[in-house]
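Participant: Contents of protein_30.txt (compact mmCIF, C-alpha atoms and all ligand atoms) are below:
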# COMPACT_ATOMS: atom_id res chain seq x y z
CA MET A 1 -25.17 1.69 -2.59
CA ARG A 2 -26.05 3.17 -5.93
CA SER A 3 -27.22 0.00 -7.66
CA ALA A 4 -29.27 -0.88 -4.58
CA SER A 5 -31.14 2.40 -4.75
CA ILE A 6 -31.68 2.02 -8.51
CA ALA A 7 -33.11 -1.43 -7.86
CA ALA A 8 -35.38 0.01 -5.21
CA ALA A 9 -36.57 2.72 -7.61
CA LEU A 10 -37.21 0.11 -10.29
CA ALA A 11 -39.33 -1.94 -7.95
CA LEU A 12 -41.71 1.03 -7.74
CA ALA A 13 -41.69 1.88 -11.46
CA PRO A 14 -44.58 0.21 -13.33
CA TRP A 15 -42.52 -0.37 -16.48
CA ALA A 16 -40.02 -2.35 -14.42
CA LEU A 17 -42.63 -5.09 -14.18
CA CYS A 18 -42.69 -5.58 -17.95
CA ALA A 19 -41.23 -9.03 -18.68
CA GLN A 20 -39.46 -7.82 -21.84
CA GLN A 21 -37.60 -5.14 -19.98
CA GLN A 22 -34.14 -5.98 -18.66
CA PRO A 23 -33.86 -4.48 -15.19
CA LEU A 24 -31.64 -1.39 -15.39
CA SER A 25 -29.33 -2.72 -12.71
CA ASN A 26 -28.52 -5.73 -14.91
CA GLN A 27 -27.89 -3.54 -17.90
CA LEU A 28 -25.49 -1.49 -15.86
CA SER A 29 -23.65 -4.52 -14.57
CA THR A 30 -23.18 -6.10 -18.01
CA HIS A 31 -22.30 -2.93 -19.89
CA ALA A 32 -18.67 -3.13 -21.00
CA PRO A 33 -16.72 0.11 -21.27
CA ALA A 34 -14.81 0.68 -24.53
CA TYR A 35 -11.48 0.34 -22.72
CA ARG A 36 -12.24 -3.07 -21.17
CA ASP A 37 -9.98 -5.13 -23.45
CA GLU A 38 -7.07 -2.73 -23.12
CA LEU A 39 -7.47 -2.66 -19.34
CA LEU A 40 -7.72 -6.42 -18.90
CA GLY A 41 -4.82 -7.04 -21.30
CA LEU A 42 -2.58 -4.60 -19.46
CA HIS A 43 -3.56 -5.99 -16.05
CA LYS A 44 -2.91 -9.55 -17.24
CA SER A 45 0.55 -8.65 -18.55
CA LEU A 46 1.49 -6.93 -15.30
CA VAL A 47 0.28 -9.76 -13.05
CA SER A 48 1.88 -12.44 -15.24
CA ILE A 49 5.34 -10.94 -14.76
CA GLU A 50 6.83 -12.01 -11.43
CA SER A 51 8.07 -8.89 -9.63
CA ILE A 52 8.74 -9.85 -6.01
CA THR A 53 10.58 -6.99 -4.29
CA GLY A 54 14.14 -6.77 -5.64
CA ASN A 55 13.22 -8.41 -8.94
CA GLU A 56 11.31 -5.55 -10.60
CA ASN A 57 13.49 -5.29 -13.75
CA GLU A 58 11.20 -7.15 -16.13
CA VAL A 59 7.95 -5.48 -15.11
CA GLY A 60 9.74 -2.10 -15.26
CA ASN A 61 10.92 -2.78 -18.81
CA PHE A 62 7.43 -3.88 -19.79
CA LEU A 63 5.97 -0.60 -18.53
CA VAL A 64 8.63 1.49 -20.25
CA ASP A 65 7.79 -0.11 -23.61
CA TYR A 66 4.04 0.03 -23.03
CA LEU A 67 4.05 3.71 -22.11
CA ALA A 68 6.57 4.76 -24.78
CA GLU A 69 4.37 3.11 -27.42
CA ARG A 70 1.50 5.25 -26.22
CA GLY A 71 3.41 8.47 -26.71
CA TYR A 72 4.64 9.02 -23.18
CA THR A 73 8.01 10.53 -22.39
CA VAL A 74 9.48 7.90 -20.08
CA ASP A 75 12.23 8.39 -17.54
CA LEU A 76 13.97 5.62 -15.58
CA GLN A 77 15.18 6.33 -12.07
CA PHE A 78 17.61 3.64 -10.95
CA VAL A 79 17.40 2.34 -7.38
CA ALA A 80 20.13 0.35 -5.63
CA PRO A 81 19.87 -3.45 -5.80
CA SER A 82 18.16 -5.04 -2.82
CA HIS A 83 17.79 -8.52 -1.42
CA GLY A 84 16.67 -10.69 -4.34
CA THR A 85 17.98 -8.51 -7.18
CA PRO A 86 19.59 -10.80 -9.79
CA GLU A 87 23.00 -9.85 -11.25
CA GLY A 88 22.70 -7.52 -14.21
CA ARG A 89 18.96 -6.87 -13.73
CA PRO A 90 18.85 -3.29 -12.42
CA ARG A 91 15.69 -2.08 -10.76
CA PHE A 92 14.21 1.33 -11.44
CA ASN A 93 11.22 3.59 -10.89
CA VAL A 94 9.29 4.46 -14.04
CA LEU A 95 8.25 8.11 -14.55
CA ALA A 96 6.04 8.94 -17.52
CA TRP A 97 4.18 11.98 -18.85
CA HIS A 98 3.02 13.45 -22.13
CA GLY A 99 5.08 16.39 -23.29
CA GLY A 100 8.69 17.41 -23.48
CA PRO A 101 11.47 16.59 -21.05
CA ARG A 102 11.00 19.98 -19.38
CA ALA A 103 7.32 19.49 -18.59
CA ASN A 104 6.37 20.44 -15.06
CA PRO A 105 3.51 18.15 -14.01
CA ARG A 106 1.17 19.43 -11.30
CA VAL A 107 -0.30 16.10 -10.29
CA VAL A 108 1.44 12.75 -9.77
CA VAL A 109 -0.41 9.43 -10.03
CA SER A 110 1.63 6.73 -8.31
CA SER A 111 1.68 3.11 -7.25
CA HIS A 112 4.23 0.34 -6.82
CA ILE A 113 5.32 -2.44 -9.17
CA ASP A 114 6.82 -4.85 -6.63
CA VAL A 115 4.77 -7.57 -4.92
CA VAL A 116 5.14 -9.85 -1.90
CA PRO A 117 6.17 -13.52 -2.30
CA PRO A 118 5.29 -16.13 -3.36
CA TYR A 119 4.49 -15.76 -7.05
CA ILE A 120 0.92 -16.85 -7.88
CA PRO A 121 0.08 -17.11 -11.60
CA TYR A 122 -2.58 -14.99 -13.27
CA GLY A 123 -6.03 -16.55 -13.56
CA ILE A 124 -9.39 -15.36 -14.84
CA ASP A 125 -12.83 -17.04 -14.62
CA HIS A 126 -13.86 -19.00 -17.72
CA GLY A 127 -16.73 -17.83 -19.84
CA LYS A 128 -17.97 -14.51 -21.12
CA VAL A 129 -16.37 -11.62 -19.28
CA SER A 130 -18.70 -9.51 -17.16
CA LYS A 131 -18.25 -7.13 -14.28
CA ASP A 132 -18.47 -10.10 -11.91
CA THR A 133 -15.66 -12.03 -13.59
CA MET A 134 -12.97 -12.76 -11.01
CA ILE A 135 -9.26 -12.25 -11.67
CA LYS A 136 -6.63 -13.69 -9.35
CA GLY A 137 -2.90 -13.93 -9.01
CA ARG A 138 -0.15 -12.24 -7.05
CA GLY A 139 -0.39 -8.50 -7.42
CA SER A 140 -3.81 -8.65 -9.09
CA VAL A 141 -4.91 -6.41 -6.20
CA ASP A 142 -1.72 -5.10 -4.56
CA ALA A 143 -0.92 -3.08 -6.53
CA LYS A 144 -1.03 -4.02 -10.19
CA GLY A 145 -4.78 -3.40 -10.06
CA ALA A 146 -3.93 0.22 -9.27
CA VAL A 147 -1.11 0.43 -11.84
CA ALA A 148 -3.27 -0.82 -14.72
CA THR A 149 -6.31 1.28 -13.84
CA MET A 150 -4.24 4.45 -13.35
CA ILE A 151 -2.72 4.10 -16.82
CA VAL A 152 -6.08 3.48 -18.49
CA ALA A 153 -7.71 6.31 -16.52
CA LEU A 154 -5.11 8.80 -17.73
CA ASP A 155 -5.17 7.45 -21.30
CA GLN A 156 -8.91 7.98 -21.43
CA LEU A 157 -8.70 11.52 -20.09
CA LEU A 158 -5.94 12.40 -22.57
CA ALA A 159 -7.87 10.89 -25.48
CA ALA A 160 -10.95 12.90 -24.52
CA GLY A 161 -8.86 16.07 -24.21
CA GLU A 162 -9.96 16.48 -20.59
CA VAL A 163 -6.43 16.94 -19.25
CA SER A 164 -3.22 18.28 -20.70
CA GLY A 165 -0.53 15.61 -20.84
CA GLU A 166 2.04 17.93 -19.28
CA ASP A 167 -0.08 18.31 -16.16
CA VAL A 168 -0.04 14.71 -14.96
CA MET A 169 2.87 12.36 -14.34
CA LEU A 170 2.69 8.62 -13.76
CA LEU A 171 5.16 7.30 -11.18
CA PHE A 172 5.59 3.57 -10.63
CA VAL A 173 8.08 2.72 -7.91
CA VAL A 174 9.97 -0.36 -6.77
CA GLY A 175 10.44 -1.58 -3.21
CA GLU A 176 7.19 -0.54 -1.54
CA GLU A 177 6.63 -3.96 0.03
CA ALA A 178 10.01 -3.94 1.80
CA THR A 179 11.70 -0.68 2.76
CA GLY A 180 10.12 1.92 0.48
CA ASP A 181 13.52 2.49 -1.16
CA GLY A 182 11.91 3.28 -4.53
CA MET A 183 9.76 6.12 -3.23
CA ARG A 184 12.61 7.31 -1.01
CA ALA A 185 14.85 7.60 -4.07
CA PHE A 186 12.17 9.61 -5.86
CA SER A 187 11.62 11.87 -2.85
CA ASP A 188 15.36 12.46 -2.43
CA SER A 189 15.70 13.29 -6.13
CA LEU A 190 13.12 16.08 -5.75
CA ASN A 191 14.85 17.58 -2.76
CA GLY A 192 18.17 17.38 -4.58
CA MET A 193 16.88 19.85 -7.20
CA ASP A 194 17.36 23.57 -6.88
CA PRO A 195 14.77 24.74 -6.07
CA PRO A 196 13.31 21.46 -4.74
CA ARG A 197 10.63 20.21 -7.10
CA ARG A 198 7.10 20.18 -5.72
CA PHE A 199 3.71 18.93 -6.87
CA GLU A 200 0.23 20.15 -6.06
CA ALA A 201 -1.21 16.69 -5.47
CA VAL A 202 -0.17 13.04 -5.44
CA ILE A 203 -2.68 10.22 -5.90
CA PHE A 204 -1.40 6.97 -4.35
CA GLY A 205 -2.77 3.61 -5.43
CA GLU A 206 -3.27 0.87 -2.83
CA PRO A 207 -6.23 -1.44 -2.23
CA THR A 208 -8.98 0.57 -0.53
CA GLU A 209 -11.95 -1.26 -2.12
CA ASN A 210 -12.44 1.81 -4.29
CA LYS A 211 -13.13 3.96 -1.25
CA LEU A 212 -11.26 7.19 -0.72
CA ALA A 213 -9.01 6.81 2.31
CA CYS A 214 -8.96 9.53 4.96
CA GLY A 215 -5.66 8.14 6.18
CA HIS A 216 -3.81 5.16 7.53
CA LYS A 217 -2.26 4.16 10.81
CA GLY A 218 1.37 4.83 11.48
CA GLY A 219 3.88 2.11 12.25
CA LEU A 220 6.74 1.28 14.58
CA PHE A 221 9.12 -1.60 13.82
CA CYS A 222 11.40 -2.83 16.59
CA GLU A 223 13.70 -5.53 17.94
CA VAL A 224 14.00 -6.32 21.62
CA THR A 225 16.73 -8.39 23.26
CA ALA A 226 16.65 -9.47 26.91
CA ARG A 227 19.92 -10.61 28.54
CA GLY A 228 19.77 -12.94 31.55
CA VAL A 229 22.20 -15.09 33.50
CA PRO A 230 22.30 -18.81 32.64
CA GLY A 231 22.24 -21.56 35.23
CA HIS A 232 20.69 -24.83 36.34
CA SER A 233 16.90 -24.80 36.06
CA GLY A 234 16.57 -26.30 39.55
CA TYR A 235 18.07 -23.16 41.12
CA PRO A 236 16.35 -20.25 39.38
CA TRP A 237 17.45 -17.76 42.05
CA LEU A 238 21.06 -18.29 41.02
CA GLY A 239 20.41 -17.09 37.47
CA LYS A 240 18.16 -14.65 35.68
CA SER A 241 15.74 -15.85 33.04
CA ALA A 242 15.75 -13.76 29.88
CA ASN A 243 12.55 -15.52 28.78
CA GLU A 244 10.75 -14.61 31.96
CA LEU A 245 11.72 -10.97 31.58
CA MET A 246 10.59 -10.96 27.98
CA VAL A 247 7.26 -12.63 28.76
CA ARG A 248 6.54 -10.04 31.48
CA ALA A 249 7.50 -7.15 29.20
CA MET A 250 5.42 -8.34 26.28
CA ALA A 251 2.39 -9.03 28.48
CA ARG A 252 2.62 -5.49 29.82
CA ILE A 253 2.98 -4.04 26.33
CA ILE A 254 -0.13 -5.86 25.15
CA ASP A 255 -2.11 -4.67 28.17
CA THR A 256 -0.96 -1.05 28.06
CA ASP A 257 -2.86 1.71 26.31
CA LEU A 258 -0.31 2.82 23.75
CA GLY A 259 -2.50 5.60 22.42
CA SER A 260 -5.70 5.96 20.46
CA SER A 261 -7.57 8.51 18.37
CA PRO A 262 -11.18 8.80 17.22
CA LEU A 263 -10.37 8.23 13.54
CA PHE A 264 -7.79 5.44 13.86
CA GLY A 265 -8.87 3.58 17.02
CA ASN A 266 -6.25 1.89 19.21
CA THR A 267 -2.57 1.41 18.65
CA THR A 268 -2.08 -2.35 18.24
CA VAL A 269 1.04 -4.51 18.62
CA ASN A 270 1.96 -7.65 16.74
CA ILE A 271 4.68 -9.70 18.43
CA GLY A 272 5.73 -11.27 15.18
CA ARG A 273 8.75 -13.26 16.30
CA PHE A 274 9.59 -14.63 19.73
CA ASP A 275 12.78 -16.63 20.42
CA GLY A 276 14.58 -17.46 23.62
CA GLY A 277 16.65 -19.94 25.56
CA VAL A 278 18.36 -23.16 24.56
CA ALA A 279 16.86 -26.07 26.53
CA ALA A 280 14.20 -26.91 29.11
CA ASN A 281 16.69 -27.40 31.92
CA VAL A 282 18.80 -24.25 31.34
CA ILE A 283 17.91 -20.80 32.66
CA PRO A 284 17.72 -18.78 29.43
CA GLU A 285 20.48 -16.28 28.88
CA ARG A 286 18.94 -14.55 25.89
CA ALA A 287 15.49 -13.82 24.51
CA PHE A 288 14.66 -11.99 21.32
CA VAL A 289 11.49 -10.42 19.91
CA GLU A 290 10.57 -8.63 16.70
CA LEU A 291 7.41 -6.55 16.87
CA ALA A 292 5.38 -4.19 14.73
CA ALA A 293 3.01 -1.64 16.23
CA ARG A 294 0.28 0.04 14.19
CA VAL A 295 0.23 3.53 15.57
CA ALA A 296 -3.14 5.26 16.02
CA ILE A 297 -1.79 8.60 17.23
CA GLY A 298 -0.14 11.52 15.51
CA PRO A 299 1.51 13.63 14.46
CA GLU A 300 3.03 11.85 11.49
CA ALA A 301 6.63 12.70 12.38
CA GLU A 302 6.36 12.04 16.14
CA GLY A 303 3.61 9.48 16.78
CA GLY A 304 5.96 6.53 16.41
CA LYS A 305 8.42 7.99 18.91
CA VAL A 306 5.65 8.50 21.47
CA VAL A 307 4.78 4.79 21.31
CA GLN A 308 8.47 3.88 21.42
CA ARG A 309 8.93 5.90 24.63
CA LYS A 310 5.93 4.18 26.26
CA MET A 311 7.46 0.79 25.45
CA GLN A 312 10.88 1.89 26.70
CA ALA A 313 9.31 2.88 30.03
CA ILE A 314 7.86 -0.63 30.35
CA PHE A 315 11.26 -2.26 29.76
CA ASP A 316 12.91 0.11 32.25
CA ALA A 317 10.29 -0.63 34.89
CA ILE A 318 10.73 -4.39 34.55
CA ASP A 319 14.51 -4.43 34.52
CA HIS A 320 16.66 -1.38 34.05
CA GLU A 321 19.60 -3.28 32.56
CA ALA A 322 18.35 -6.41 30.84
CA PHE A 323 16.73 -5.00 27.72
CA THR A 324 18.11 -3.63 24.49
CA PHE A 325 15.33 -1.98 22.50
CA TYR A 326 15.92 -0.82 18.95
CA CYS A 327 13.33 0.53 16.50
CA SER A 328 14.41 0.78 12.88
CA HIS A 329 11.70 3.25 11.96
CA GLY A 330 8.43 4.69 13.14
CA TYR A 331 5.82 7.29 12.32
CA GLY A 332 2.43 8.45 13.51
CA PHE A 333 -0.85 8.23 11.64
CA VAL A 334 -0.88 9.53 8.08
CA GLU A 335 -3.78 11.68 6.99
CA THR A 336 -4.86 11.82 3.37
CA ASN A 337 -7.45 14.05 1.75
CA CYS A 338 -10.88 12.40 1.55
CA ASP A 339 -12.86 15.55 0.92
CA VAL A 340 -13.86 14.78 -2.67
CA PRO A 341 -17.53 14.52 -3.62
CA GLY A 342 -18.79 11.17 -4.88
CA PHE A 343 -16.66 8.75 -2.85
CA GLU A 344 -17.32 6.54 0.12
CA THR A 345 -14.49 6.98 2.63
CA VAL A 346 -12.44 4.60 4.77
CA VAL A 347 -9.41 4.46 7.07
CA VAL A 348 -6.92 1.62 6.78
CA ASN A 349 -4.41 -0.05 9.08
CA TYR A 350 -1.55 -0.75 6.72
CA GLY A 351 1.54 1.25 5.78
CA THR A 352 2.16 2.85 2.39
CA ASP A 353 4.65 5.00 0.52
CA VAL A 354 2.52 8.08 1.32
CA PRO A 355 4.66 9.35 4.26
CA ILE A 356 7.92 8.64 2.42
CA LEU A 357 7.27 11.25 -0.26
CA LYS A 358 8.19 14.54 1.39
CA GLY A 359 6.53 17.79 0.36
CA ASP A 360 3.40 19.80 1.02
CA HIS A 361 1.32 18.30 -1.79
CA THR A 362 -2.28 17.19 -1.20
CA ARG A 363 -2.32 13.40 -0.78
CA TYR A 364 -5.01 11.02 -1.95
CA LEU A 365 -5.10 7.25 -1.35
CA TYR A 366 -7.44 5.07 -3.42
CA GLY A 367 -7.45 1.81 -5.34
CA PRO A 368 -9.28 -1.37 -6.35
CA GLY A 369 -9.41 -4.60 -4.35
CA ASN A 370 -9.51 -5.68 -0.74
CA ILE A 371 -6.47 -5.48 1.54
CA LEU A 372 -7.71 -8.50 3.51
CA VAL A 373 -6.81 -10.84 0.62
CA ALA A 374 -3.94 -8.77 -0.77
CA HIS A 375 -0.93 -10.62 0.65
CA GLY A 376 -2.61 -14.02 0.82
CA ALA A 377 -3.25 -17.02 -1.41
CA ARG A 378 -6.76 -15.78 -2.29
CA GLU A 379 -5.71 -12.44 -3.76
CA ASN A 380 -8.38 -11.52 -6.34
CA LEU A 381 -10.67 -8.80 -7.60
CA THR A 382 -13.38 -8.48 -10.24
CA VAL A 383 -13.47 -6.82 -13.63
CA GLY A 384 -16.06 -4.46 -12.14
CA ASP A 385 -13.62 -3.48 -9.37
CA LEU A 386 -11.02 -2.54 -11.99
CA GLU A 387 -13.50 -0.56 -14.08
CA THR A 388 -14.80 1.33 -11.06
CA ALA A 389 -11.20 2.23 -10.23
CA VAL A 390 -10.62 3.65 -13.72
CA GLU A 391 -13.57 5.97 -13.12
CA GLY A 392 -12.41 6.75 -9.58
CA TYR A 393 -8.92 7.73 -10.69
CA GLN A 394 -10.37 9.92 -13.44
CA LYS A 395 -12.51 11.75 -10.88
CA LEU A 396 -9.53 12.20 -8.57
CA ILE A 397 -7.21 13.46 -11.32
CA LEU A 398 -9.80 15.99 -12.52
CA HIS A 399 -10.53 17.05 -8.95
CA ALA A 400 -6.84 17.51 -8.14
CA LEU A 401 -6.23 19.58 -11.28
CA LYS A 402 -9.17 21.86 -10.45
CA GLN A 403 -7.87 22.80 -7.00
C1 LIG A 501 -9.26 0.09 22.65
O1 LIG A 501 -8.65 -0.09 23.91
C2 LIG A 501 -9.50 0.07 25.02
C3 LIG A 501 -8.68 -0.10 26.28
O2 LIG A 501 -7.54 0.71 26.25
C4 LIG A 501 -10.62 -0.96 24.97
O3 LIG A 501 -11.53 -0.72 26.01
C5 LIG A 501 -11.34 -0.85 23.63
O4 LIG A 501 -12.28 -1.89 23.52
C6 LIG A 501 -10.37 -0.94 22.49
N1 LIG A 501 -11.06 -0.71 21.25
C7 LIG A 501 -10.98 -1.56 20.23
C8 LIG A 501 -11.75 -1.18 19.00
O5 LIG A 501 -10.34 -2.60 20.24
C1 LIG A 502 -11.76 -13.10 -3.46
O1 LIG A 502 -11.62 -11.93 -2.67
C2 LIG A 502 -12.66 -11.72 -1.74
C3 LIG A 502 -12.38 -10.39 -1.06
O2 LIG A 502 -12.50 -9.34 -1.96
C4 LIG A 502 -12.71 -12.85 -0.76
O3 LIG A 502 -13.76 -12.67 0.16
C5 LIG A 502 -12.90 -14.14 -1.52
O4 LIG A 502 -12.85 -15.23 -0.61
C6 LIG A 502 -11.85 -14.34 -2.59
N1 LIG A 502 -12.23 -15.49 -3.40
C7 LIG A 502 -11.39 -16.44 -3.77
C8 LIG A 502 -11.96 -17.54 -4.58
O5 LIG A 502 -10.22 -16.45 -3.48
Produce structure tokens that represent the structure in this file.
Facilitator:
Amino acid sequence: MRSASIAAALALAPWALCAQQQPLSNQLSTHAPAYRDELLGLHKSLVSIESITGNENEVGNFLVDYLAERGYTVDLQFVAPSHGTPEGRPRFNVLAWHGGPRANPRVVVSSHIDVVPPYIPYGIDHGKVSKDTMIKGRGSVDAKGAVATMIVALDQLLAAGEVSGEDVMLLFVVGEEATGDGMRAFSDSLNGMDPPRRFEAVIFGEPTENKLACGHKGGLFCEVTARGVPGHSGYPWLGKSANELMVRAMARIIDTDLGSSPLFGNTTVNIGRFDGGVAANVIPERAFVELAARVAIGPEAEGGKVVQRKMQAIFDAIDHEAFTFYCSHGYGFVETNCDVPGFETVVVNYGTDVPILKGDHTRYLYGPGNILVAHGARENLTVGDLETAVEGYQKLILHALKQ
């Protein structure tokens, strides 16, 4: 928006027509901030280290060394091994701040260091680096773009004396892409203190295209089993088809209004896995579904249960006995604070660690890159995206400290 309006202003300014004069918008887009090399080097190191959930040891160690070298007090918070954790390679959250071990930071700046599979190597466009230079690789967006830009943002503020190092803590957690066990361990550790430790604000980093999120949808994650009675396919009335029951139930779930809200739109359902039966000529005895709903209603603690009850009513109406319905976890929409001057705002449909961290802190959600490519083969962002995020995080940190 801003460069477009500058370009429009230039079109009206007589001196803009001078052939010698570089248009201002070009100058802006080629201007390299002093921290560019540090930022790109850090981002490259992070993306180059494979850290698929469970295997976060190496990237954690890298961050510990990197932050300790820059004068941070660094604390490791160990998290239980998960699927994919190699023997002898413990995984841990990294906590870092400037100041003594007893510092009491007011604001936490946090993202995650695990990524989804498969590993995709780091790559950067050839040629002279500009704001348009594209960087790709697994985690380049989600969320090592956030991790690198958060660190550089805080470094710059500390160097300029704009914040006190004791006021801000960096928190980089494991396990966000699977169960959120890293953030859960951090949250539990706060509540285990006497009195429970609290923060004024937490800034979460996830890809929001450098827009400040007003919130994200909730989620509900479930398994459904239908039990039938097997028999010869020529005599369907002698058996009971689990597949037929499941098809009817899922069709009804898709067609039912599971709740909506003005900010988050409709609750949607993804039937992500659908199995059933054994052969064409056998009445199926068992059918199985895994589904994920994106919940557009609140409140945060109850919205998931409301959707679960609506689904349960559908199963009960179709067959009171055939279905087993189990949801491992659920929550309603999650609101974050987007009332900060100078940001475009957005709402997003994905889950984050935001609801896992308990407490009454103000929550912000912001980061570089586009979620639509984040878990795919085309994951990428530009140098300009990263640099805008450094500035965005600086604004957010200063804003949070002023409240
Ligand atoms: C939300 O669902 C209603 C029906 O319940 C439908 O009319 C509407 O188009 C849906 N909105 C979107 C954005 O999909
Ligand atoms: C890079 O990401 C953008 C989304 O930000 C996407 O539209 C584009 O196709 C991606 N490009 C490549 C080469 O993967």
Participant: May I have the residues within 7 Å of ligand LIG 501 (chain A), computed using all atoms listed in the file, as a list of chain:residue names?
Facilitator: A:Asp257, A:Gly265, A:Asn266
Participant: Might you pull out every residue within 9 Å of region 126-141 of chain A, with all atoms listed in the file counted and same-chain residues fewer than 2 positions away left off, and present them as a count of residues only?
Facilitator: 49
Participant: How far is it from CA of Pro101 (chain A) to CA of Glu58 (chain A), in Å with one decimal?
Facilitator: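 About the pair CA of Pro101 (chain A) and CA of Glu58 (chain A): they are 24.2 Å apart.
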Participant: Just give me the gap between CA of Thr85 (chain A) and CA of Gly54 (chain A) in Å, one decimal is fine.
Facilitator: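 Calculated distance between CA of Thr85 (chain A) and CA of Gly54 (chain A) is 4.5 Å.
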Participant: Would you work out the distance separating CA of Leu67 (chain A) from CA of Ala153 (chain A), expressed in Å to one decimal?
Facilitator: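 Pair CA of Leu67 (chain A) / CA of Ala153 (chain A) returns 13.3 Å.
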Participant: Which of these, A:Leu401, A:Val295, A:Val224, A:Cys338, has the shortest distance to Met246 (chain A) once you count only C-alpha atoms?
Facilitator: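 Of A:Leu401, A:Val295, A:Val224, A:Cys338, the one nearest Met246 (chain A) is A:Val224, counting only C-alpha atoms.
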Participant: Check the smallest atom-to-atom distance from each of A:Gly182, A:Val107, A:Glu300, A:Thr362 to Gly165 (chain A) using only C-alpha atoms, then report the winner.
Facilitator: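 Smallest separation from Gly165 (chain A) among the options: A:Val107.
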Participant: Please identify all polymer residues within 6 Å of region 198-205 of chain A, counting all atoms listed in the file, omitting same-chain residues fewer than 5 positions from it, and present them as a list in words.
Facilitator: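 Answer for this query is Arg106, Val107, Val108, Val109, Ser110, Ser111, Ala146, His361, Thr362, Arg363, Tyr364, Leu365, Tyr366 and Gly367 of chain A.
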Participant: Taking all listed atoms of ligand LIG 502 (chain A), build the axis-aligned box, pad each of the six sides by 5 Å, then write its centre and edge lengths in Å to one decimal as lines of an AutoDock Vina configuration file.
Facilitator:
center_x = -12.0
center_y = -13.4
center_z = -2.2
size_x = 13.5
size_y = 18.2
size_z = 14.7
Participant: Counting all atoms listed in the file, which of A:Val307, A:Ala389, A:Cys222, A:Ala292 gets nearest to Ser260 (chain A)?
Facilitator: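 Closest to Ser260 (chain A) of all the choices is A:Val307.
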Participant: So, with all atoms listed in the file as the atoms that count, which of A:Gly41, A:Gly259, A:Gly298, A:Pro230 lies closest to Ala148 (chain A)?
Facilitator: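 Going through A:Gly41, A:Gly259, A:Gly298, A:Pro230 one by one, the smallest distance to Ala148 (chain A) is for A:Gly41.
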Participant: Which one of A:Ala313, A:Leu190, A:Ile52, A:Leu158 sits closest to His98 (chain A) if you count only C-alpha atoms?
Facilitator: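 Result for the nearest residue to His98 (chain A): A:Leu158.
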Participant: Find the residue from A:Gln394, A:Asn93, A:Thr208, A:Thr179 that sits nearest to ligand LIG 502 (chain A); use all atoms listed in the file when measuring.
Facilitator: A:Thr208
Participant: Give as a PyMOL selection string each residue that has an atom at most 10 Å from (-11.0, 7.7, 3.5) in the file, counting only C-alpha atoms.
Facilitator: chain A and resi 208+210-216+335-340+343-348+364-366
Participant: Determine, counting all atoms listed in the file, which protein, DNA and RNA residues have an atom within 9 Å of an atom of Val269 (chain A); residues of the same chain fewer than 6 positions away are not included. Present the result as a list in words.
Facilitator: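 Using all atoms listed in the file, the neighbours found are Ile253, Ile254, Leu291, Ala292, Ala293, Arg294 and Val295 of chain A.
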Participant: Print the selection's residues with C-alpha atoms to a file, as a PDB file, in the coordinates of the input.
Facilitator:
ATOM      1  CA  ILE A 253       2.980  -4.040  26.330  1.00  0.00           C
ATOM      2  CA  ILE A 254      -0.130  -5.860  25.150  1.00  0.00           C
ATOM      3  CA  LEU A 291       7.410  -6.550  16.870  1.00  0.00           C
ATOM      4  CA  ALA A 292       5.380  -4.190  14.730  1.00  0.00           C
ATOM      5  CA  ALA A 293       3.010  -1.640  16.230  1.00  0.00           C
ATOM      6  CA  ARG A 294       0.280   0.040  14.190  1.00  0.00           C
ATOM      7  CA  VAL A 295       0.230   3.530  15.570  1.00  0.00           C
TER       8      VAL A 295
END
Participant: Would you be able to write out as a ChimeraX atom specification which residues have an atom within 7 Å of (14.8, -1.1, 20.7) in the file's coordinates, counting only C-alpha atoms?
Facilitator: /A:222-224,324-327
